[in-house]
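Structure record follows, encoded as structure tokens.
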Protein chains: 2
Amino acid sequence: MTCSEFDLIRHFFTEQPVQRADVPLGIGDDAALLAPPAGSSLVVSVDTLIAGVHFPLDTAARAVGHKALAVNLSDLAAMGAEPAWATLALTLPTADMSWLTGFTQGFFDLASEHDVQLVGGDTTRGPLSITVQITGFVPQGQALMRSGAQPGDGVFFTGTVGDAGLGLRLYQHRVGANSDAMTNLIQRLEFPVPRIAVGLALRGRASSAIDVSDGLAADLAHVLTASGVGADIRIDQLPLSLAYRSLAPEEDWQAAVSAGDDYELCFTLPAGQAAALAGLDCACTRIGEISASPGLRWRDANAQQLTLSNAGFDHFTAGKQP
Amino acid sequence: MTCSEFDLIRHFFTEQPVQRADVPLGIGDDAALLAPPAGSSLVVSVDTLIAGVHFPLDTAARAVGHKALAVNLSDLAAMGAEPAWATLALTLPTADMSWLTGFTQGFFDLASEHDVQLVGGDTTRGPLSITVQITGFVPQGQALMRSGAQPGDGVFFTGTVGDAGLGLRLYQHRVGANSDAMTNLIQRLEFPVPRIAVGLALRGRASSAIDVSDGLAADLAHVLTASGVGADIRIDQLPLSLAYRSLAPEEDWQAAVSAGDDYELCFTLPAGQAAALAGLDCACTRIGEISASPGLRWRDANAQQLTLSNAGFDHFTAGKQP
């Protein structure tokens, strides 16, 4: 079959499930035309996934499509934004119809769930990589930022910590195959759930928020720096999943807070605001407290301070290459 | 030196020249916050450049930085939009400080010229590629689209056609080196000039517009299809530069209309609107006329129809690999 770039784009990306009223002109011209809502700020994030760096080379196409959008939605969640529009820059080594079918299924399933319309894109040939830019809305003045944490605020974490990182380690070493726990961890690695509803619930309530993509240790440190505060985190309060507990080496809290790919939210709530979390379908665990004393301190159940020996993931220094 | 991802981003991309009043929060949080203007549509485009596909591997970093932004600005020009915000997803094989210095110089020089602020980005490790998304504004209802060309409209082309394509061919074969003409053609390949001012002047006047990135033949065909019309183009009216005429094989009009990377505008103007072009600092040449009869016909000075033997560039079929 002839599969020119244009045919590819038409076939896979124009018959999409979501058609928003605020998109007067979507894919097909030199650029898209979008109608932003009055009274809102736009919230914009961009993330790239590289095959062999951000996901194992043999990852299923549907998982890649899901994750490429999910990691961007997670950034919007951390800002308290409502998702709206996405663009997709897709670089492919070949025009593989089967791969594109799986990829678009994963991408559009998640887009439908969050009412996101794909409004533009570019398809090029080269080593597999995917760049998604997402735009959402937040009422003016209500965005959640990294810089507002105050001494006395509780530190919270959505879902469970470290699952994706452990899933990747086991996957790479082919350990734990065929167990339910292993399946759960791989699911957490490949199909992260962006915490959009939590972000919306935290508007006007949380003092800060960040999405945890490089590990709790590294990302919480960004919040502390931006806010000019410190934190004491209780390792015995870290929300570890049953799957993690069953497959991780004993007391492996350090890996849990250093591994990337959680795509959970870490946020701070002033005393008295914890009631904001009632009714959410996602567990939010209090893991510690903000302090005026700078630095990130890890403590056990007896408040003894422990040392974290490894730092969060960094593309250029750690050299993670699954 | 330690050059973590975060250091890289901070060092090269936070001290940028343009600070816009409509960017309450730029680089540094989970996402940027942007304040769209009332009464305008947003105009959004995204393009990826892959090393070895969209530019020769030995292209100077400053040219890559310029071109990555220029190709996106060219899309905004074709919509009649005023540029505002950009994001940059940069994938690098190594954290090369010298390359980054050149790249950011090329990028920010052009950004400054058009008052564009870089509001977000992602830096990852992998084979060199650059994805830029640009957002601009256009008053509601005034965007230039591909679909409005009418029989009798003149077909116009900005600047000169085919220079970049010829420059690439000569560059690849190391022909014509050290001549002024060669230098001019390479400049046209590496530093395309987005026709923003022309696009703004055409608002409310042109019936259609497109930016010519894949060659005049391929891109004009998109306009004709979208508008449901045909066109007769006079090859003797094609604006060929002196450099092109001095280095191209004789009567090489086919290469001129098939080569990519012009980043000029092709637009259609109703009779009586040509006066709109007075005072522009960029030549706009009338090259033909829209017809009710479908198809794109190439004609010589005697109105004899000629056959174009090769089609415009297509990433997946043509396999352009400089």
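By convention in this document, the chains of the structure tokens carry letters A, B, ... by their order, each chain's residues are numbered from 1, and ligands are numbered from 1 in the order they are shown.
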
Pull the closest atom pair for each residue of chain B that gets at most 6 Å from chain A, along with the distance in Å to one decimal, counting only C-alpha atoms, ordering rows by chain and then ascending residue number, as a Markdown table.
| residue | atom | partner | partner_atom | distance |
| --- | --- | --- | --- | --- |
| B:Ser4 | CA | A:Phe316 | CA | 5.6 |
| B:Glu5 | CA | A:Phe316 | CA | 5.9 |
| B:Asp30 | CA | A:Asp75 | CA | 5.3 |
| B:Ala31 | CA | A:Ser45 | CA | 4.7 |
| B:Ala32 | CA | A:Val44 | CA | 5.1 |
| B:Leu33 | CA | A:Val43 | CA | 4.8 |
| B:Leu34 | CA | A:Leu42 | CA | 4.9 |
| B:Ala35 | CA | A:Ser41 | CA | 5.2 |
| B:Ser41 | CA | A:Ala35 | CA | 5.1 |
| B:Leu42 | CA | A:Leu34 | CA | 4.9 |
| B:Val43 | CA | A:Leu33 | CA | 4.8 |
| B:Val44 | CA | A:Ala32 | CA | 5.1 |
| B:Ser45 | CA | A:Ala31 | CA | 4.7 |
| B:Val46 | CA | A:Gly121 | CA | 5.9 |
| B:Asp47 | CA | A:Asp122 | CA | 5.6 |
| B:Asp75 | CA | A:Asp30 | CA | 5.3 |
| B:Gly121 | CA | A:Val46 | CA | 5.9 |
| B:Asp122 | CA | A:Asp47 | CA | 5.6 |
| B:Phe316 | CA | A:Ser4 | CA | 5.7 |
| B:Thr317 | CA | A:Ser4 | CA | 5.9 |

Members of segment 74-223 of chain A assigned strand (DSSP E or B) by DSSP, as a ChimeraX atom specification: /A:82-92,117-125,129-139,154-158,208-212

Please produce a file of the residues just selected, as an mmCIF file, in the first residue's frame, where the atoms kept are C-alpha atoms.
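The resulting file, selection_24.cif, is reproduced below:
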data_model
loop_
_atom_site.group_PDB
_atom_site.id
_atom_site.type_symbol
_atom_site.label_atom_id
_atom_site.label_comp_id
_atom_site.auth_asym_id
_atom_site.auth_seq_id
_atom_site.Cartn_x
_atom_site.Cartn_y
_atom_site.Cartn_z
ATOM 1 C CA GLU A 82 -8.959 20.907 33.290
ATOM 2 C CA PRO A 83 -7.546 19.312 30.088
ATOM 3 C CA ALA A 84 -8.750 20.479 26.664
ATOM 4 C CA TRP A 85 -6.394 20.315 23.655
ATOM 5 C CA ALA A 86 -3.384 18.217 22.664
ATOM 6 C CA THR A 87 -0.892 18.170 19.820
ATOM 7 C CA LEU A 88 1.182 15.150 18.871
ATOM 8 C CA ALA A 89 4.606 15.130 17.201
ATOM 9 C CA LEU A 90 5.265 11.528 16.275
ATOM 10 C CA THR A 91 8.555 10.273 14.876
ATOM 11 C CA LEU A 92 8.471 6.736 13.476
ATOM 12 C CA GLN A 117 -9.218 16.829 21.390
ATOM 13 C CA LEU A 118 -6.118 16.301 19.250
ATOM 14 C CA VAL A 119 -5.835 19.617 17.400
ATOM 15 C CA GLY A 120 -2.543 19.315 15.549
ATOM 16 C CA GLY A 121 0.472 17.188 14.873
ATOM 17 C CA ASP A 122 3.471 16.352 12.799
ATOM 18 C CA THR A 123 4.553 12.932 11.594
ATOM 19 C CA THR A 124 8.199 12.460 10.705
ATOM 20 C CA ARG A 125 10.543 9.583 10.020
ATOM 21 C CA SER A 129 9.850 9.286 19.819
ATOM 22 C CA ILE A 130 6.641 10.990 20.833
ATOM 23 C CA THR A 131 6.198 14.597 21.934
ATOM 24 C CA VAL A 132 2.794 15.635 23.260
ATOM 25 C CA GLN A 133 1.823 19.138 24.240
ATOM 26 C CA ILE A 134 -1.291 19.556 26.318
ATOM 27 C CA THR A 135 -3.282 22.689 27.054
ATOM 28 C CA GLY A 136 -5.847 23.006 29.814
ATOM 29 C CA PHE A 137 -7.724 25.716 31.660
ATOM 30 C CA VAL A 138 -7.708 26.955 35.229
ATOM 31 C CA PRO A 139 -9.682 29.903 36.635
ATOM 32 C CA GLY A 154 0.821 18.316 55.637
ATOM 33 C CA VAL A 155 2.629 16.552 52.758
ATOM 34 C CA PHE A 156 0.359 14.169 50.835
ATOM 35 C CA PHE A 157 0.864 11.575 48.127
ATOM 36 C CA THR A 158 -1.792 10.134 45.812
ATOM 37 C CA SER A 208 1.538 23.492 46.474
ATOM 38 C CA ALA A 209 1.526 20.499 44.145
ATOM 39 C CA ILE A 210 3.878 18.667 41.797
ATOM 40 C CA ASP A 211 3.558 15.610 39.628
ATOM 41 C CA VAL A 212 6.008 12.908 40.619
#

Non-local contacts of Asp300 of chain A (12 Å; only C-alpha atoms; under 3 positions in same chain excluded) as an NGL selection string: :A and (232-238 or 251 or 253 or 287-288 or 297 or 303-307)

Nearest residue to Met97 of chain B from the set B:Gly272, B:Phe12, B:Ala201, B:Cys284 (distances using only C-alpha atoms): B:Phe12

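The spacing separating atom CA of Gly165 of chain A from atom CA of Thr285 of chain A amounts to 19.3 Å.
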
For atom CA of Leu200 of chain A and atom CA of Leu277 of chain A, the interatomic separation in Å (one decimal): 10.9 Å

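Here atom CA of Ala283 of chain B is placed at a distance of 9.2 Å from atom CA of Pro239 of chain B.
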
Among the residues of segment 153-251 of chain A, find those DSSP assigns to alpha helix (DSSP H) from the backbone and print them as a PDB file with N, CA and C atoms, in the first residue's frame.
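Output contents, as saved in selection25.pdb:
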ATOM      1  N   ASP A 163       5.796   1.896  42.479  1.00  0.00           N
ATOM      2  CA  ASP A 163       5.346   0.713  41.734  1.00  0.00           C
ATOM      3  C   ASP A 163       5.984   0.638  40.344  1.00  0.00           C
ATOM      4  N   ALA A 164       5.929   1.735  39.612  1.00  0.00           N
ATOM      5  CA  ALA A 164       6.406   1.728  38.224  1.00  0.00           C
ATOM      6  C   ALA A 164       7.906   1.452  38.170  1.00  0.00           C
ATOM      7  N   GLY A 165       8.639   2.058  39.097  1.00  0.00           N
ATOM      8  CA  GLY A 165      10.089   1.849  39.124  1.00  0.00           C
ATOM      9  C   GLY A 165      10.440   0.409  39.414  1.00  0.00           C
ATOM     10  N   LEU A 166       9.731  -0.198  40.371  1.00  0.00           N
ATOM     11  CA  LEU A 166       9.980  -1.608  40.673  1.00  0.00           C
ATOM     12  C   LEU A 166       9.543  -2.479  39.492  1.00  0.00           C
ATOM     13  N   GLY A 167       8.427  -2.134  38.892  1.00  0.00           N
ATOM     14  CA  GLY A 167       7.970  -2.871  37.711  1.00  0.00           C
ATOM     15  C   GLY A 167       9.030  -2.876  36.622  1.00  0.00           C
ATOM     16  N   LEU A 168       9.647  -1.722  36.405  1.00  0.00           N
ATOM     17  CA  LEU A 168      10.680  -1.630  35.366  1.00  0.00           C
ATOM     18  C   LEU A 168      11.898  -2.483  35.717  1.00  0.00           C
ATOM     19  N   ARG A 169      12.306  -2.425  36.995  1.00  0.00           N
ATOM     20  CA  ARG A 169      13.482  -3.217  37.397  1.00  0.00           C
ATOM     21  C   ARG A 169      13.239  -4.715  37.197  1.00  0.00           C
ATOM     22  N   LEU A 170      12.052  -5.161  37.632  1.00  0.00           N
ATOM     23  CA  LEU A 170      11.740  -6.587  37.508  1.00  0.00           C
ATOM     24  C   LEU A 170      11.614  -6.986  36.036  1.00  0.00           C
ATOM     25  N   TYR A 171      11.004  -6.091  35.253  1.00  0.00           N
ATOM     26  CA  TYR A 171      10.828  -6.331  33.821  1.00  0.00           C
ATOM     27  C   TYR A 171      12.183  -6.493  33.142  1.00  0.00           C
ATOM     28  N   GLN A 172      13.102  -5.608  33.504  1.00  0.00           N
ATOM     29  CA  GLN A 172      14.426  -5.649  32.872  1.00  0.00           C
ATOM     30  C   GLN A 172      15.170  -6.935  33.214  1.00  0.00           C
ATOM     31  N   HIS A 173      14.966  -7.411  34.441  1.00  0.00           N
ATOM     32  CA  HIS A 173      15.686  -8.611  34.859  1.00  0.00           C
ATOM     33  C   HIS A 173      14.831  -9.854  34.747  1.00  0.00           C
ATOM     34  N   ASP A 180       0.553 -12.182  39.766  1.00  0.00           N
ATOM     35  CA  ASP A 180      -0.393 -11.072  39.761  1.00  0.00           C
ATOM     36  C   ASP A 180       0.298  -9.774  40.172  1.00  0.00           C
ATOM     37  N   ALA A 181       1.187  -9.888  41.151  1.00  0.00           N
ATOM     38  CA  ALA A 181       1.883  -8.684  41.626  1.00  0.00           C
ATOM     39  C   ALA A 181       2.691  -8.061  40.501  1.00  0.00           C
ATOM     40  N   MET A 182       3.394  -8.907  39.764  1.00  0.00           N
ATOM     41  CA  MET A 182       4.192  -8.412  38.629  1.00  0.00           C
ATOM     42  C   MET A 182       3.293  -7.739  37.601  1.00  0.00           C
ATOM     43  N   THR A 183       2.166  -8.359  37.297  1.00  0.00           N
ATOM     44  CA  THR A 183       1.221  -7.774  36.340  1.00  0.00           C
ATOM     45  C   THR A 183       0.766  -6.391  36.802  1.00  0.00           C
ATOM     46  N   ASN A 184       0.486  -6.288  38.105  1.00  0.00           N
ATOM     47  CA  ASN A 184       0.059  -4.996  38.648  1.00  0.00           C
ATOM     48  C   ASN A 184       1.133  -3.921  38.488  1.00  0.00           C
ATOM     49  N   LEU A 185       2.373  -4.296  38.772  1.00  0.00           N
ATOM     50  CA  LEU A 185       3.455  -3.307  38.695  1.00  0.00           C
ATOM     51  C   LEU A 185       3.701  -2.876  37.248  1.00  0.00           C
ATOM     52  N   ILE A 186       3.630  -3.819  36.326  1.00  0.00           N
ATOM     53  CA  ILE A 186       3.817  -3.480  34.908  1.00  0.00           C
ATOM     54  C   ILE A 186       2.674  -2.578  34.430  1.00  0.00           C
ATOM     55  N   GLN A 187       1.475  -2.865  34.916  1.00  0.00           N
ATOM     56  CA  GLN A 187       0.327  -2.023  34.574  1.00  0.00           C
ATOM     57  C   GLN A 187       0.572  -0.590  35.060  1.00  0.00           C
ATOM     58  N   ARG A 188       1.110  -0.469  36.256  1.00  0.00           N
ATOM     59  CA  ARG A 188       1.397   0.858  36.811  1.00  0.00           C
ATOM     60  C   ARG A 188       2.484   1.570  36.000  1.00  0.00           C
ATOM     61  N   LEU A 189       3.433   0.801  35.452  1.00  0.00           N
ATOM     62  CA  LEU A 189       4.496   1.377  34.624  1.00  0.00           C
ATOM     63  C   LEU A 189       3.945   1.842  33.281  1.00  0.00           C
ATOM     64  N   GLU A 190       3.110   1.015  32.670  1.00  0.00           N
ATOM     65  CA  GLU A 190       2.689   1.261  31.286  1.00  0.00           C
ATOM     66  C   GLU A 190       1.434   2.121  31.172  1.00  0.00           C
ATOM     67  N   ILE A 196      -6.236  13.851  37.501  1.00  0.00           N
ATOM     68  CA  ILE A 196      -6.942  15.084  37.140  1.00  0.00           C
ATOM     69  C   ILE A 196      -7.981  15.471  38.200  1.00  0.00           C
ATOM     70  N   ALA A 197      -8.791  14.507  38.641  1.00  0.00           N
ATOM     71  CA  ALA A 197      -9.864  14.818  39.596  1.00  0.00           C
ATOM     72  C   ALA A 197      -9.287  15.331  40.914  1.00  0.00           C
ATOM     73  N   VAL A 198      -8.173  14.768  41.328  1.00  0.00           N
ATOM     74  CA  VAL A 198      -7.538  15.247  42.563  1.00  0.00           C
ATOM     75  C   VAL A 198      -7.072  16.691  42.377  1.00  0.00           C
ATOM     76  N   GLY A 199      -6.428  16.959  41.251  1.00  0.00           N
ATOM     77  CA  GLY A 199      -5.966  18.319  40.983  1.00  0.00           C
ATOM     78  C   GLY A 199      -7.101  19.331  41.023  1.00  0.00           C
ATOM     79  N   LEU A 200      -8.228  18.974  40.425  1.00  0.00           N
ATOM     80  CA  LEU A 200      -9.380  19.886  40.425  1.00  0.00           C
ATOM     81  C   LEU A 200      -9.900  20.109  41.848  1.00  0.00           C
ATOM     82  N   ALA A 201      -9.909  19.035  42.648  1.00  0.00           N
ATOM     83  CA  ALA A 201     -10.398  19.148  44.027  1.00  0.00           C
ATOM     84  C   ALA A 201      -9.477  20.001  44.898  1.00  0.00           C
ATOM     85  N   LEU A 202      -8.206  20.070  44.503  1.00  0.00           N
ATOM     86  CA  LEU A 202      -7.222  20.797  45.327  1.00  0.00           C
ATOM     87  C   LEU A 202      -7.171  22.292  45.026  1.00  0.00           C
ATOM     88  N   LEU A 216       9.808  10.583  44.145  1.00  0.00           N
ATOM     89  CA  LEU A 216       9.349  11.479  45.208  1.00  0.00           C
ATOM     90  C   LEU A 216      10.485  12.338  45.751  1.00  0.00           C
ATOM     91  N   ALA A 217      11.658  11.741  45.963  1.00  0.00           N
ATOM     92  CA  ALA A 217      12.769  12.491  46.565  1.00  0.00           C
ATOM     93  C   ALA A 217      13.133  13.701  45.705  1.00  0.00           C
ATOM     94  N   ALA A 218      13.297  13.466  44.405  1.00  0.00           N
ATOM     95  CA  ALA A 218      13.716  14.552  43.515  1.00  0.00           C
ATOM     96  C   ALA A 218      12.614  15.589  43.349  1.00  0.00           C
ATOM     97  N   ASP A 219      11.382  15.133  43.209  1.00  0.00           N
ATOM     98  CA  ASP A 219      10.312  16.091  42.898  1.00  0.00           C
ATOM     99  C   ASP A 219       9.866  16.877  44.127  1.00  0.00           C
ATOM    100  N   LEU A 220       9.828  16.220  45.282  1.00  0.00           N
ATOM    101  CA  LEU A 220       9.498  16.970  46.498  1.00  0.00           C
ATOM    102  C   LEU A 220      10.576  18.029  46.765  1.00  0.00           C
ATOM    103  N   ALA A 221      11.826  17.687  46.436  1.00  0.00           N
ATOM    104  CA  ALA A 221      12.908  18.671  46.616  1.00  0.00           C
ATOM    105  C   ALA A 221      12.646  19.934  45.789  1.00  0.00           C
ATOM    106  N   HIS A 222      12.048  19.771  44.593  1.00  0.00           N
ATOM    107  CA  HIS A 222      11.717  20.957  43.783  1.00  0.00           C
ATOM    108  C   HIS A 222      10.712  21.857  44.512  1.00  0.00           C
ATOM    109  N   VAL A 223       9.719  21.226  45.134  1.00  0.00           N
ATOM    110  CA  VAL A 223       8.710  21.995  45.876  1.00  0.00           C
ATOM    111  C   VAL A 223       9.372  22.748  47.031  1.00  0.00           C
ATOM    112  N   LEU A 224      10.243  22.050  47.746  1.00  0.00           N
ATOM    113  CA  LEU A 224      10.882  22.672  48.917  1.00  0.00           C
ATOM    114  C   LEU A 224      11.743  23.862  48.491  1.00  0.00           C
ATOM    115  N   THR A 225      12.475  23.690  47.402  1.00  0.00           N
ATOM    116  CA  THR A 225      13.308  24.786  46.902  1.00  0.00           C
ATOM    117  C   THR A 225      12.449  25.970  46.466  1.00  0.00           C
ATOM    118  N   ALA A 226      11.397  25.663  45.690  1.00  0.00           N
ATOM    119  CA  ALA A 226      10.545  26.749  45.171  1.00  0.00           C
ATOM    120  C   ALA A 226       9.815  27.473  46.297  1.00  0.00           C
ATOM    121  N   SER A 227       9.508  26.736  47.393  1.00  0.00           N
ATOM    122  CA  SER A 227       8.751  27.323  48.497  1.00  0.00           C
ATOM    123  C   SER A 227       9.650  27.902  49.582  1.00  0.00           C
ATOM    124  N   LEU A 242       0.411  -3.440  47.811  1.00  0.00           N
ATOM    125  CA  LEU A 242       0.603  -4.849  48.150  1.00  0.00           C
ATOM    126  C   LEU A 242       1.573  -5.498  47.180  1.00  0.00           C
ATOM    127  N   ALA A 243       1.450  -5.156  45.905  1.00  0.00           N
ATOM    128  CA  ALA A 243       2.345  -5.729  44.897  1.00  0.00           C
ATOM    129  C   ALA A 243       3.787  -5.336  45.190  1.00  0.00           C
ATOM    130  N   TYR A 244       3.984  -4.071  45.556  1.00  0.00           N
ATOM    131  CA  TYR A 244       5.338  -3.601  45.867  1.00  0.00           C
ATOM    132  C   TYR A 244       5.885  -4.356  47.079  1.00  0.00           C
ATOM    133  N   ARG A 245       5.060  -4.445  48.134  1.00  0.00           N
ATOM    134  CA  ARG A 245       5.514  -5.119  49.354  1.00  0.00           C
ATOM    135  C   ARG A 245       5.846  -6.588  49.096  1.00  0.00           C
ATOM    136  N   SER A 246       5.116  -7.207  48.175  1.00  0.00           N
ATOM    137  CA  SER A 246       5.340  -8.637  47.951  1.00  0.00           C
ATOM    138  C   SER A 246       6.570  -8.905  47.094  1.00  0.00           C
ATOM    139  N   LEU A 247       6.981  -7.941  46.280  1.00  0.00           N
ATOM    140  CA  LEU A 247       8.091  -8.209  45.357  1.00  0.00           C
ATOM    141  C   LEU A 247       9.356  -7.400  45.639  1.00  0.00           C
TER     142      LEU A 247
END

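The smallest atom-to-atom distance between Leu269 of chain A and any of A:Ala301, A:Ala149, A:Ala255, A:Ala206, using only C-alpha atoms, is found for A:Ala206.
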